[in-house]
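*Asks:* Supplied structure: start-v8.pdb, PDB, C-alpha atoms.
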```
ATOM      1  CA  MET A   3     126.353-149.921 -73.062
ATOM      2  CA  PHE A   4     125.408-152.972 -71.130
ATOM      3  CA  GLY A   5     126.226-156.639 -71.476
ATOM      4  CA  LYS A   6     129.480-158.493 -71.038
ATOM      5  CA  LYS A   7     131.824-157.412 -73.776
ATOM      6  CA  ARG A   8     134.131-159.777 -75.470
ATOM      7  CA  GLY A   9     137.646-158.678 -74.949
ATOM      8  CA  ASP A  10     139.652-157.468 -77.902
ATOM      9  CA  SER A  11     142.455-159.519 -79.311
ATOM     10  CA  PRO A  12     144.446-159.589 -82.540
ATOM     11  CA  GLY A  13     142.264-162.159 -84.061
ATOM     12  CA  TYR A  14     139.600-162.728 -81.331
ATOM     13  CA  GLU A  15     137.270-165.463 -80.403
ATOM     14  CA  ASP A  16     137.766-164.088 -77.043
ATOM     15  CA  ASN A  17     136.457-165.360 -73.914
ATOM     16  CA  ALA A  18     133.876-168.136 -73.940
ATOM     17  CA  ALA A  19     131.680-167.646 -70.912
ATOM     18  CA  LEU A  20     131.474-170.452 -68.367
ATOM     19  CA  ASP A  21     128.034-171.995 -68.126
ATOM     20  CA  GLY A  22     128.261-172.301 -64.351
ATOM     21  CA  PHE A  23     130.230-173.587 -61.405
ATOM     22  CA  GLY A  24     130.160-177.001 -59.772
ATOM     23  CA  GLY A  25     128.363-177.263 -56.450
ATOM     24  CA  TYR A  26     129.146-179.164 -53.260
ATOM     25  CA  GLN A  27     127.090-182.228 -52.328
ATOM     26  CA  PRO A  28     127.272-183.227 -48.628
ATOM     27  CA  SER A  29     127.923-186.861 -47.803
ATOM     28  CA  ASP A  30     124.944-189.068 -46.872
ATOM     29  CA  SER A  31     126.859-190.501 -43.890
ATOM     30  CA  SER A  32     127.624-188.473 -40.785
ATOM     31  CA  GLY A  33     131.146-189.925 -40.746
ATOM     32  CA  TYR A  34     130.896-190.937 -37.051
ATOM     33  CA  THR A  35     130.193-194.432 -35.667
ATOM     34  CA  PRO A  36     129.717-194.608 -31.850
ATOM     35  CA  THR A  37     131.386-197.449 -29.890
ATOM     36  CA  SER A  38     129.505-199.552 -27.377
ATOM     37  CA  GLU A  39     131.925-199.072 -24.477
ATOM     38  CA  THR A  40     134.632-196.648 -23.475
ATOM     39  CA  PRO A  41     137.692-198.440 -21.916
ATOM     40  CA  ALA A  42     138.987-197.115 -18.595
ATOM     41  CA  PRO A  43     142.203-195.100 -18.856
ATOM     42  CA  GLU A  44     145.475-196.877 -18.007
ATOM     43  CA  PRO A  45     147.270-195.569 -14.868
ATOM     44  CA  GLU A  46     150.317-193.471 -15.733
ATOM     45  CA  PRO A  47     153.712-194.896 -14.633
ATOM     46  CA  GLU A  48     155.407-193.079 -11.781
ATOM     47  CA  LYS A  49     158.099-190.651 -12.907
ATOM     48  CA  PRO A  50     161.517-190.754 -11.163
ATOM     49  CA  ALA A  51     162.328-187.737  -9.043
ATOM     50  CA  LYS A  52     164.560-185.132 -10.702
ATOM     51  CA  GLN A  53     168.156-184.994  -9.400
ATOM     52  CA  PRO A  54     169.726-181.582  -8.736
ATOM     53  CA  MET A  55     172.302-180.561 -11.385
ATOM     54  CA  SER A  56     175.903-180.246 -10.226
ATOM     55  CA  ARG A  57     177.788-176.939 -10.462
ATOM     56  CA  SER A  58     180.132-178.316 -13.123
ATOM     57  CA  GLY A  59     177.132-179.517 -15.114
ATOM     58  CA  ARG A  60     175.548-176.063 -14.922
ATOM     59  CA  ARG A  61     178.772-174.432 -16.167
ATOM     60  CA  ALA A  62     178.901-176.856 -19.093
ATOM     61  CA  MET A  63     175.245-176.159 -19.942
ATOM     62  CA  TYR A  64     175.799-172.361 -19.845
ATOM     63  CA  GLY A  65     178.834-172.732 -22.104
ATOM     64  CA  PHE A  66     176.840-174.839 -24.563
ATOM     65  CA  PHE A  67     174.015-172.282 -24.867
ATOM     66  CA  ALA A  68     176.519-169.406 -25.146
ATOM     67  CA  THR A  69     178.238-171.203 -28.048
ATOM     68  CA  LEU A  70     174.858-171.937 -29.629
ATOM     69  CA  GLY A  71     173.936-168.235 -29.416
ATOM     70  CA  VAL A  72     177.122-167.192 -31.202
ATOM     71  CA  ILE A  73     176.429-169.683 -34.005
ATOM     72  CA  ALA A  74     172.823-168.438 -34.343
ATOM     73  CA  VAL A  75     173.914-164.784 -34.553
ATOM     74  CA  ALA A  76     176.483-165.633 -37.219
ATOM     75  CA  ALA A  77     173.923-167.620 -39.197
ATOM     76  CA  LEU A  78     171.400-164.763 -39.074
ATOM     77  CA  ALA A  79     174.045-162.307 -40.209
ATOM     78  CA  ASN A  80     174.934-164.514 -43.177
ATOM     79  CA  ASN A  81     171.264-164.988 -44.068
ATOM     80  CA  GLY A  82     170.740-161.240 -43.939
ATOM     81  CA  ASP A  83     173.571-160.700 -46.389
ATOM     82  CA  ARG A  84     172.191-163.264 -48.802
ATOM     83  CA  SER A  85     168.645-161.875 -48.683
ATOM     84  CA  SER A  86     169.839-158.340 -49.343
ATOM     85  CA  GLU A  87     171.806-159.547 -52.349
ATOM     86  CA  SER A  88     168.890-161.561 -53.786
ATOM     87  CA  SER A  89     166.385-158.731 -53.300
ATOM     88  CA  ALA A  90     168.169-156.517 -55.827
ATOM     89  CA  PRO A  91     165.865-156.040 -58.859
ATOM     90  CA  THR A  92     166.880-157.740 -62.088
ATOM     91  CA  PRO A  93     166.442-155.432 -65.093
ATOM     92  CA  ARG A  94     164.093-156.836 -67.752
ATOM     93  CA  ALA A  95     164.972-156.637 -71.392
ATOM     94  CA  PRO A  96     162.371-154.856 -73.556
ATOM     95  CA  ILE A  97     160.103-157.079 -75.656
ATOM     96  CA  VAL A  98     159.924-156.292 -79.351
ATOM     97  CA  TYR A  99     156.573-157.144 -80.960
ATOM     98  CA  THR A 100     156.549-157.627 -84.724
ATOM     99  CA  PRO A 101     153.032-157.484 -86.220
ATOM    100  CA  SER A 102     152.049-159.950 -88.922
ATOM    101  CA  PRO A 103     151.643-158.724 -92.497
ATOM    102  CA  ARG A 104     148.099-157.671 -93.398
ATOM    103  CA  VAL A 105     146.203-156.713 -96.519
ATOM    104  CA  VAL A 106     144.914-153.166 -96.948
ATOM    105  CA  ALA A 107     142.593-151.599 -99.504
ATOM    106  CA  PRO A 108     142.203-147.973-100.600
ATOM    107  CA  PRO A 109     139.174-146.049 -99.265
ATOM    108  CA  VAL A 110     136.428-145.041-101.675
ATOM    109  CA  THR A 111     135.327-142.058 -99.572
ATOM    110  CA  GLU A 112     137.601-139.028 -99.706
ATOM    111  CA  GLY A 113     139.186-138.208 -96.349
ATOM    112  CA  TRP A 114     137.973-141.450 -94.729
ATOM    113  CA  GLN A 115     139.890-144.577 -93.671
ATOM    114  CA  SER A 116     139.458-148.063 -95.068
ATOM    115  CA  VAL A 117     138.935-151.161 -92.908
ATOM    116  CA  ALA A 118     139.759-154.349 -94.827
ATOM    117  CA  GLY A 119     138.989-157.902 -93.788
ATOM    118  CA  LYS A 120     139.336-161.472 -95.040
ATOM    119  CA  ASP A 121     142.705-160.920 -96.738
ATOM    120  CA  GLY A 122     141.350-157.777 -98.363
ATOM    121  CA  VAL A 123     138.437-159.526-100.088
ATOM    122  CA  TYR A 124     136.020-156.947 -98.638
ATOM    123  CA  ALA A 125     136.336-153.510 -97.033
ATOM    124  CA  TYR A 126     134.363-150.542 -95.743
ATOM    125  CA  ASP A 127     135.240-146.959 -94.833
ATOM    126  CA  VAL A 128     134.949-145.057 -91.541
ATOM    127  CA  PRO A 129     135.247-141.321 -90.747
ATOM    128  CA  PRO A 130     138.564-139.757 -89.665
ATOM    129  CA  ASN A 131     137.660-139.710 -85.944
ATOM    130  CA  TRP A 132     137.140-143.500 -85.925
ATOM    131  CA  THR A 133     139.971-145.945 -85.117
ATOM    132  CA  PRO A 134     140.252-148.884 -87.556
ATOM    133  CA  LYS A 135     141.334-152.150 -85.899
ATOM    134  CA  PRO A 136     141.020-154.667 -88.749
ATOM    135  CA  GLY A 137     142.792-157.428 -86.811
ATOM    136  CA  THR A 138     140.474-157.156 -83.807
ATOM    137  CA  ILE A 139     137.446-159.381 -83.267
ATOM    138  CA  HIS A 140     134.899-158.052 -80.801
ATOM    139  CA  GLY A 141     131.316-158.537 -79.736
ATOM    140  CA  TRP A 142     129.169-159.640 -76.812
ATOM    141  CA  GLU A 143     128.956-162.998 -75.059
ATOM    142  CA  LYS A 144     125.861-165.128 -75.377
ATOM    143  CA  GLY A 145     123.960-165.066 -72.087
ATOM    144  CA  THR A 146     120.815-166.571 -70.668
ATOM    145  CA  GLN A 147     118.795-163.689 -72.124
ATOM    146  CA  VAL A 148     120.891-162.370 -75.026
ATOM    147  CA  PRO A 149     121.927-164.143 -78.265
ATOM    148  CA  GLY A 150     125.461-162.715 -78.443
ATOM    149  CA  ILE A 151     127.304-161.612 -81.578
ATOM    150  CA  THR A 152     130.883-161.792 -82.881
ATOM    151  CA  MET A 153     132.308-159.275 -85.362
ATOM    152  CA  VAL A 154     135.600-159.142 -87.264
ATOM    153  CA  ALA A 155     137.335-156.322 -89.203
ATOM    154  CA  SER A 156     136.501-153.888 -86.422
ATOM    155  CA  ALA A 157     136.604-150.120 -85.993
ATOM    156  CA  PHE A 158     135.678-147.971 -82.976
ATOM    157  CA  VAL A 159     134.750-144.417 -82.004
ATOM    158  CA  GLY A 160     134.684-142.656 -78.639
ATOM    159  CA  GLU A 161     136.896-145.126 -76.773
ATOM    160  CA  GLY A 162     136.949-144.340 -73.042
ATOM    161  CA  TYR A 163     134.146-141.762 -73.352
ATOM    162  CA  CYS A 164     132.642-142.882 -70.022
ATOM    163  CA  PRO A 165     134.942-142.239 -67.003
ATOM    164  CA  GLN A 166     133.176-144.923 -64.949
ATOM    165  CA  GLU A 167     134.268-147.639 -67.382
ATOM    166  CA  LYS A 168     137.776-147.580 -68.807
ATOM    167  CA  ARG A 169     136.934-149.845 -71.746
ATOM    168  CA  SER A 170     133.789-147.988 -72.732
ATOM    169  CA  ARG A 171     133.149-147.168 -76.389
ATOM    170  CA  LEU A 172     130.569-144.844 -77.852
ATOM    171  CA  GLY A 173     130.259-146.894 -81.010
ATOM    172  CA  GLY A 174     131.853-149.369 -83.341
ATOM    173  CA  SER A 175     131.511-151.547 -86.397
ATOM    174  CA  GLY A 176     132.402-154.980 -87.686
ATOM    175  CA  VAL A 177     131.401-157.834 -89.981
ATOM    176  CA  ALA A 178     129.306-160.709 -88.591
ATOM    177  CA  ASN A 179     128.642-164.098 -90.160
ATOM    178  CA  ILE A 180     124.850-164.584 -90.271
ATOM    179  CA  LYS A 181     123.512-168.019 -91.226
ATOM    180  CA  LEU A 182     119.914-168.521 -92.334
ATOM    181  CA  ALA A 183     117.733-171.353 -93.580
ATOM    182  CA  ASP A 184     117.136-169.380 -96.780
ATOM    183  CA  PRO A 185     120.469-167.880 -97.966
ATOM    184  CA  ASP A 186     118.640-165.682-100.474
ATOM    185  CA  ASP A 187     116.623-163.891 -97.794
ATOM    186  CA  VAL A 188     119.007-160.974 -97.201
ATOM    187  CA  THR A 189     116.319-158.978 -95.381
ATOM    188  CA  ALA A 190     116.003-161.733 -92.777
ATOM    189  CA  ALA A 191     119.810-161.737 -92.416
ATOM    190  CA  ALA A 192     119.906-157.971 -91.828
ATOM    191  CA  LYS A 193     117.038-158.147 -89.309
ATOM    192  CA  LYS A 194     118.730-160.975 -87.398
ATOM    193  CA  ALA A 195     122.062-159.115 -87.223
ATOM    194  CA  VAL A 196     120.329-155.929 -85.991
ATOM    195  CA  ASP A 197     118.419-157.871 -83.344
ATOM    196  CA  ASP A 198     121.456-159.885 -82.182
ATOM    197  CA  LEU A 199     123.551-156.728 -81.792
ATOM    198  CA  ALA A 200     120.904-154.463 -80.248
ATOM    199  CA  VAL A 201     119.709-157.051 -77.723
ATOM    200  CA  SER A 202     123.223-158.171 -76.749
ATOM    201  CA  ALA A 203     124.924-154.755 -76.595
ATOM    202  CA  TYR A 204     122.230-152.807 -74.760
ATOM    203  CA  ASN A 205     120.936-155.350 -72.214
ATOM    204  CA  PRO A 206     122.620-157.226 -69.349
ATOM    205  CA  GLU A 207     123.584-160.715 -70.544
ATOM    206  CA  ASP A 208     121.385-162.341 -67.896
ATOM    207  CA  GLY A 209     118.527-159.835 -68.257
ATOM    208  CA  PRO A 210     116.251-158.186 -67.695
ATOM    209  CA  LEU A 211     115.682-157.150 -71.316
ATOM    210  CA  THR A 212     114.879-153.506 -70.665
ATOM    211  CA  ALA A 213     116.078-152.000 -73.971
ATOM    212  CA  LYS A 214     113.292-150.994 -76.352
ATOM    213  CA  ILE A 215     114.237-151.747 -79.985
ATOM    214  CA  THR A 216     112.336-150.158 -82.871
ATOM    215  CA  ALA A 217     113.372-151.261 -86.361
ATOM    216  CA  GLU A 218     112.755-149.222 -89.500
ATOM    217  CA  PRO A 219     111.386-150.804 -92.703
ATOM    218  CA  PRO A 220     114.198-152.567 -94.639
ATOM    219  CA  GLN A 221     115.855-150.826 -97.579
ATOM    220  CA  THR A 222     116.737-152.701-100.762
ATOM    221  CA  THR A 223     120.213-152.007-102.125
ATOM    222  CA  GLU A 224     123.139-153.695-103.897
ATOM    223  CA  PHE A 225     126.572-154.962-102.924
ATOM    224  CA  THR A 226     129.463-154.837-105.399
ATOM    225  CA  LEU A 227     131.735-157.890-105.445
ATOM    226  CA  GLY A 228     135.459-157.665-106.153
ATOM    227  CA  THR A 229     134.765-158.848-109.706
ATOM    228  CA  GLY A 230     132.471-155.894-110.295
ATOM    229  CA  LYS A 231     129.331-158.028-110.214
ATOM    230  CA  LYS A 232     126.437-156.645-108.150
ATOM    231  CA  VAL A 233     124.309-158.819-105.843
ATOM    232  CA  PRO A 234     121.157-157.986-103.835
ATOM    233  CA  ALA A 235     121.562-156.598-100.322
ATOM    234  CA  SER A 236     119.321-155.267 -97.579
ATOM    235  CA  ILE A 237     119.815-152.456 -95.025
ATOM    236  CA  VAL A 238     117.979-152.367 -91.697
ATOM    237  CA  LEU A 239     118.239-149.567 -89.103
ATOM    238  CA  ALA A 240     116.919-149.703 -85.553
ATOM    239  CA  GLU A 241     116.647-147.243 -82.649
ATOM    240  CA  VAL A 242     117.456-148.527 -79.163
ATOM    241  CA  LEU A 243     116.212-146.849 -75.973
ATOM    242  CA  THR A 244     117.702-147.945 -72.651
ATOM    243  CA  PRO A 245     117.053-146.932 -69.039
ATOM    244  CA  PRO A 246     119.473-144.253 -67.743
ATOM    245  CA  GLY A 247     122.791-145.664 -66.533
ATOM    246  CA  ALA A 248     126.332-144.627 -65.643
ATOM    247  CA  CYS A 249     127.668-145.446 -69.126
ATOM    248  CA  GLY A 250     124.786-146.899 -71.066
ATOM    249  CA  ALA A 251     123.425-144.785 -73.897
ATOM    250  CA  ARG A 252     119.898-143.538 -73.367
ATOM    251  CA  ARG A 253     119.431-143.656 -77.150
ATOM    252  CA  ALA A 254     121.495-145.574 -79.671
ATOM    253  CA  LEU A 255     121.246-146.466 -83.345
ATOM    254  CA  VAL A 256     122.174-149.766 -84.970
ATOM    255  CA  GLY A 257     122.474-150.324 -88.725
ATOM    256  CA  VAL A 258     123.239-153.440 -90.787
ATOM    257  CA  ILE A 259     123.775-154.187 -94.462
ATOM    258  CA  ALA A 260     123.506-157.867 -95.445
ATOM    259  CA  PRO A 261     124.516-158.916 -98.994
ATOM    260  CA  GLN A 262     123.519-162.134-100.752
ATOM    261  CA  LEU A 263     126.710-164.189-100.644
ATOM    262  CA  GLY A 264     125.573-167.821-100.496
ATOM    263  CA  GLU A 265     124.960-170.022 -97.451
ATOM    264  CA  ALA A 266     125.804-167.215 -95.030
ATOM    265  CA  SER A 267     125.762-163.452 -95.284
ATOM    266  CA  ALA A 268     128.782-161.440 -94.146
ATOM    267  CA  ALA A 269     126.769-158.561 -92.697
ATOM    268  CA  LEU A 270     128.379-155.240 -91.792
ATOM    269  CA  ALA A 271     126.987-153.792 -88.540
ATOM    270  CA  VAL A 272     127.469-150.221 -87.268
ATOM    271  CA  TYR A 273     126.287-149.004 -83.851
ATOM    272  CA  SER A 274     126.620-145.713 -81.975
ATOM    273  CA  GLY A 275     125.272-143.952 -78.919
ATOM    274  CA  GLN A 276     123.384-140.731 -79.606
ATOM    275  CA  ASP A 277     123.716-138.917 -76.251
ATOM    276  CA  ALA A 278     127.433-138.089 -76.330
ATOM    277  CA  PRO A 279     129.456-136.029 -78.818
ATOM    278  CA  GLY A 280     131.529-137.736 -81.499
ATOM    279  CA  GLY A 281     129.217-140.601 -82.398
ATOM    280  CA  ALA A 282     127.486-141.414 -85.671
ATOM    281  CA  ASP A 283     123.943-140.253 -86.380
ATOM    282  CA  ARG A 284     121.505-141.942 -88.760
ATOM    283  CA  GLU A 285     122.901-140.335 -91.926
ATOM    284  CA  LEU A 286     126.497-141.147 -91.014
ATOM    285  CA  ILE A 287     125.657-144.769 -90.187
ATOM    286  CA  LEU A 288     123.955-145.125 -93.564
ATOM    287  CA  LYS A 289     126.958-143.580 -95.296
ATOM    288  CA  ILE A 290     129.339-146.067 -93.604
ATOM    289  CA  LEU A 291     127.112-149.016 -94.523
ATOM    290  CA  LYS A 292     126.995-148.003 -98.197
ATOM    291  CA  THR A 293     130.814-148.056 -98.459
ATOM    292  CA  TYR A 294     130.796-151.830 -97.817
ATOM    293  CA  ARG A 295     132.139-153.555-100.920
ATOM    294  CA  GLY A 296     134.204-156.322-102.405
ATOM    295  CA  VAL A 297     137.769-155.289-103.253
ATOM    296  CA  PRO A 298     139.290-156.051-106.679
ATOM    297  CA  GLU A 299     142.460-158.112-106.390
ATOM    298  CA  ALA A 300     144.448-155.351-108.107
ATOM    299  CA  ASP A 301     143.527-152.937-105.289
ATOM    300  CA  ARG A 302     144.738-155.189-102.473
ATOM    301  CA  LYS A 303     148.127-154.429-101.010
ATOM    302  CA  THR A 304     150.075-156.377 -98.364
ATOM    303  CA  ILE A 305     151.934-154.336 -95.768
ATOM    304  CA  THR A 306     153.945-155.195 -92.649
ATOM    305  CA  PRO A 307     153.409-152.716 -89.791
ATOM    306  CA  PRO A 308     156.625-151.594 -88.069
ATOM    307  CA  PRO A 309     157.674-153.439 -84.901
ATOM    308  CA  SER A 310     156.893-151.898 -81.533
ATOM    309  CA  THR A 311     158.775-152.163 -78.237
ATOM    310  CA  LEU A 312     156.938-153.220 -75.065
ATOM    311  CA  ARG A 313     158.580-152.375 -71.741
TER     312      ARG A 313
END
```
Would you give me this structure, written as structure tokens?
*Replies:*
Amino acid sequence: MFGKKRGDSPGYEDNAALDGFGGYQPSDSSGYTPTSETPAPEPEPEKPAKQPMSRSGRRAMYGFFATLGVIAVAALANNGDRSSESSAPTPRAPIVYTPSPRVVAPPVTEGWQSVAGKDGVYAYDVPPNWTPKPGTIHGWEKGTQVPGITMVASAFVGEGYCPQEKRSRLGGSGVANIKLADPDDVTAAAKKAVDDLAVSAYNPEDGPLTAKITAEPPQTTEFTLGTGKKVPASIVLAEVLTPPGACGARRALVGVIAPQLGEASAALAVYSGQDAPGGADRELILKILKTYRGVPEADRKTITPPPSTLR
């Protein structure tokens, strides 16, 4: 995939891109003012003739330099001892990292894993070969040509699938906050999330916009809140075709479900390349989207992951 990825972090709003760099403005003045006249140089005073050194003076001078040499050798020897002592490596104590407590929710799909967000208020399920990272926020930076998108409650598949890019991922998922003028227009929210993700993930951030995006007609569905109440929701799928590249998918699919939740829709987005094994096809993306739900308070459980040692 193309575009500048936001780096992962336990929490994220990762790396805001710099808008540009300051330039250098040359001074208007040349910095040089010529003088009208150049004064003639002063004659140098005559130097007294050197007197030949006496034999006793030469012996004293030789003795002085011999003594100085002995002192220098001793000083170098002492410095060598000190440098060898200070160059010995100091062992570092291991760092113990204790993760913060987090809320988990049970999966609703047998054999799948649950990814919970927002203190367990909502969750969705992913297949066994996906890696849930609920504390990670990821996305793509806004560029001159792409809108950018930020997603929380993340999960990934096919990490490192492309040898040319260590941080490559075949696909992923996450929840994005989509604001609209009309909060009831969930179809517009789903379309915006699909467009933001497809344009940002599969194009260079500064263009050109070479990815061809073809959206399917929206599907009407429902979203179940934690209270059991159902609200309207919309699902939009889109196919993305990109020019061949070292890591970029030639064909990818993006899917979004946007529920009606008030002033902003917390839309779940799922994306996956289609030209490498292990990704999610259209049916699997739809299945992941339809697991998105509110979690009853009784089903939320707080856990503290075990500490890990970093060396």
*Asks:* Would you please work out which residue, of A:Ser267, A:Gly275, A:Thr100, A:Val106, is nearest to A:Cys164 when using only C-alpha atoms?
*Replies:*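 When distances to A:Cys164 are compared using only C-alpha atoms, the smallest one comes from A:Gly275.
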*Asks:* Can you measure atom CA of A:Asp184 to atom CA of A:Gly296 for me? One decimal in Å is fine.
*Replies:* 22.2 Å
*Asks:* Can you list what the PyMOL selection byres ((chain A and resi 125) around 10) grabs from this structure, as a ChimeraX atom specification?
*Replies:* /A:106-110,116-124,126-127,136,155,177,270,293-297
*Asks:* Mind dumping the selected residues with C-alpha atoms as an mmCIF file, keeping the file's coordinate frame?
*Replies:*
```
data_model
loop_
_atom_site.group_PDB
_atom_site.id
_atom_site.type_symbol
_atom_site.label_atom_id
_atom_site.label_comp_id
_atom_site.auth_asym_id
_atom_site.auth_seq_id
_atom_site.Cartn_x
_atom_site.Cartn_y
_atom_site.Cartn_z
ATOM 1 C CA VAL A 106 144.914 -153.166 -96.948
ATOM 2 C CA ALA A 107 142.593 -151.599 -99.504
ATOM 3 C CA PRO A 108 142.203 -147.973 -100.600
ATOM 4 C CA PRO A 109 139.174 -146.049 -99.265
ATOM 5 C CA VAL A 110 136.428 -145.041 -101.675
ATOM 6 C CA SER A 116 139.458 -148.063 -95.068
ATOM 7 C CA VAL A 117 138.935 -151.161 -92.908
ATOM 8 C CA ALA A 118 139.759 -154.349 -94.827
ATOM 9 C CA GLY A 119 138.989 -157.902 -93.788
ATOM 10 C CA LYS A 120 139.336 -161.472 -95.040
ATOM 11 C CA ASP A 121 142.705 -160.920 -96.738
ATOM 12 C CA GLY A 122 141.350 -157.777 -98.363
ATOM 13 C CA VAL A 123 138.437 -159.526 -100.088
ATOM 14 C CA TYR A 124 136.020 -156.947 -98.638
ATOM 15 C CA TYR A 126 134.363 -150.542 -95.743
ATOM 16 C CA ASP A 127 135.240 -146.959 -94.833
ATOM 17 C CA PRO A 136 141.020 -154.667 -88.749
ATOM 18 C CA ALA A 155 137.335 -156.322 -89.203
ATOM 19 C CA VAL A 177 131.401 -157.834 -89.981
ATOM 20 C CA LEU A 270 128.379 -155.240 -91.792
ATOM 21 C CA THR A 293 130.814 -148.056 -98.459
ATOM 22 C CA TYR A 294 130.796 -151.830 -97.817
ATOM 23 C CA ARG A 295 132.139 -153.555 -100.920
ATOM 24 C CA GLY A 296 134.204 -156.322 -102.405
ATOM 25 C CA VAL A 297 137.769 -155.289 -103.253
#
```
*Asks:* Mind checking which residues fall within 10 Å of A:Gly160, counting all atoms listed in the file, ignoring those fewer than 3 positions away in the same chain, and posting them as a list in words?
*Replies:* Asn131, Trp132, Thr133, Tyr163, Cys164, Ser170, Arg171, Leu172, Gly173, Gly174, Ser274, Gly275, Ala278, Pro279, Gly280 and Gly281 of chain A
*Asks:* Of the candidates A:Pro210, A:Pro165, A:Gly257, A:Gly230, which one gets nearest to A:Thr244 if we count all atoms listed in the file?
*Replies:*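 Using all atoms listed in the file, A:Thr244 sits closest to A:Pro210.
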*Asks:* Please output stretch 155-160 of chain A, rebuilt to include all heavy atoms, as a CSV table (one decimal), keeping the file's coordinate frame.
*Replies:*
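Saved the output as rebuild.csv:
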```csv
chain,number,residue,atom,x,y,z
A,155,ALA,N,137.0,-157.5,-88.4
A,155,ALA,CA,137.3,-156.3,-89.2
A,155,ALA,C,136.7,-155.1,-88.5
A,155,ALA,O,135.9,-154.4,-89.1
A,155,ALA,CB,136.8,-156.4,-90.6
A,156,SER,N,137.2,-154.9,-87.3
A,156,SER,CA,136.5,-153.9,-86.4
A,156,SER,C,137.0,-152.5,-86.6
A,156,SER,O,138.1,-152.2,-87.1
A,156,SER,CB,136.7,-154.3,-85.0
A,156,SER,OG,136.3,-155.6,-84.8
A,157,ALA,N,136.2,-151.5,-86.1
A,157,ALA,CA,136.6,-150.1,-86.0
A,157,ALA,C,135.8,-149.6,-84.8
A,157,ALA,O,134.7,-150.0,-84.5
A,157,ALA,CB,136.3,-149.3,-87.3
A,158,PHE,N,136.3,-148.5,-84.2
A,158,PHE,CA,135.7,-148.0,-83.0
A,158,PHE,C,135.7,-146.4,-83.0
A,158,PHE,O,136.6,-145.8,-83.6
A,158,PHE,CB,136.4,-148.5,-81.7
A,158,PHE,CG,136.4,-150.0,-81.6
A,158,PHE,CD1,137.5,-150.7,-81.9
A,158,PHE,CD2,135.2,-150.7,-81.3
A,158,PHE,CE1,137.6,-152.1,-81.9
A,158,PHE,CE2,135.3,-152.1,-81.2
A,158,PHE,CZ,136.4,-152.8,-81.5
A,159,VAL,N,134.8,-145.9,-82.2
A,159,VAL,CA,134.8,-144.4,-82.0
A,159,VAL,C,134.4,-144.1,-80.5
A,159,VAL,O,133.7,-144.9,-79.9
A,159,VAL,CB,133.7,-143.7,-82.9
A,159,VAL,CG1,132.3,-144.2,-82.6
A,159,VAL,CG2,133.8,-142.2,-82.9
A,160,GLY,N,135.0,-143.1,-80.0
A,160,GLY,CA,134.7,-142.7,-78.6
A,160,GLY,C,135.2,-143.6,-77.6
A,160,GLY,O,134.5,-143.9,-76.6
```
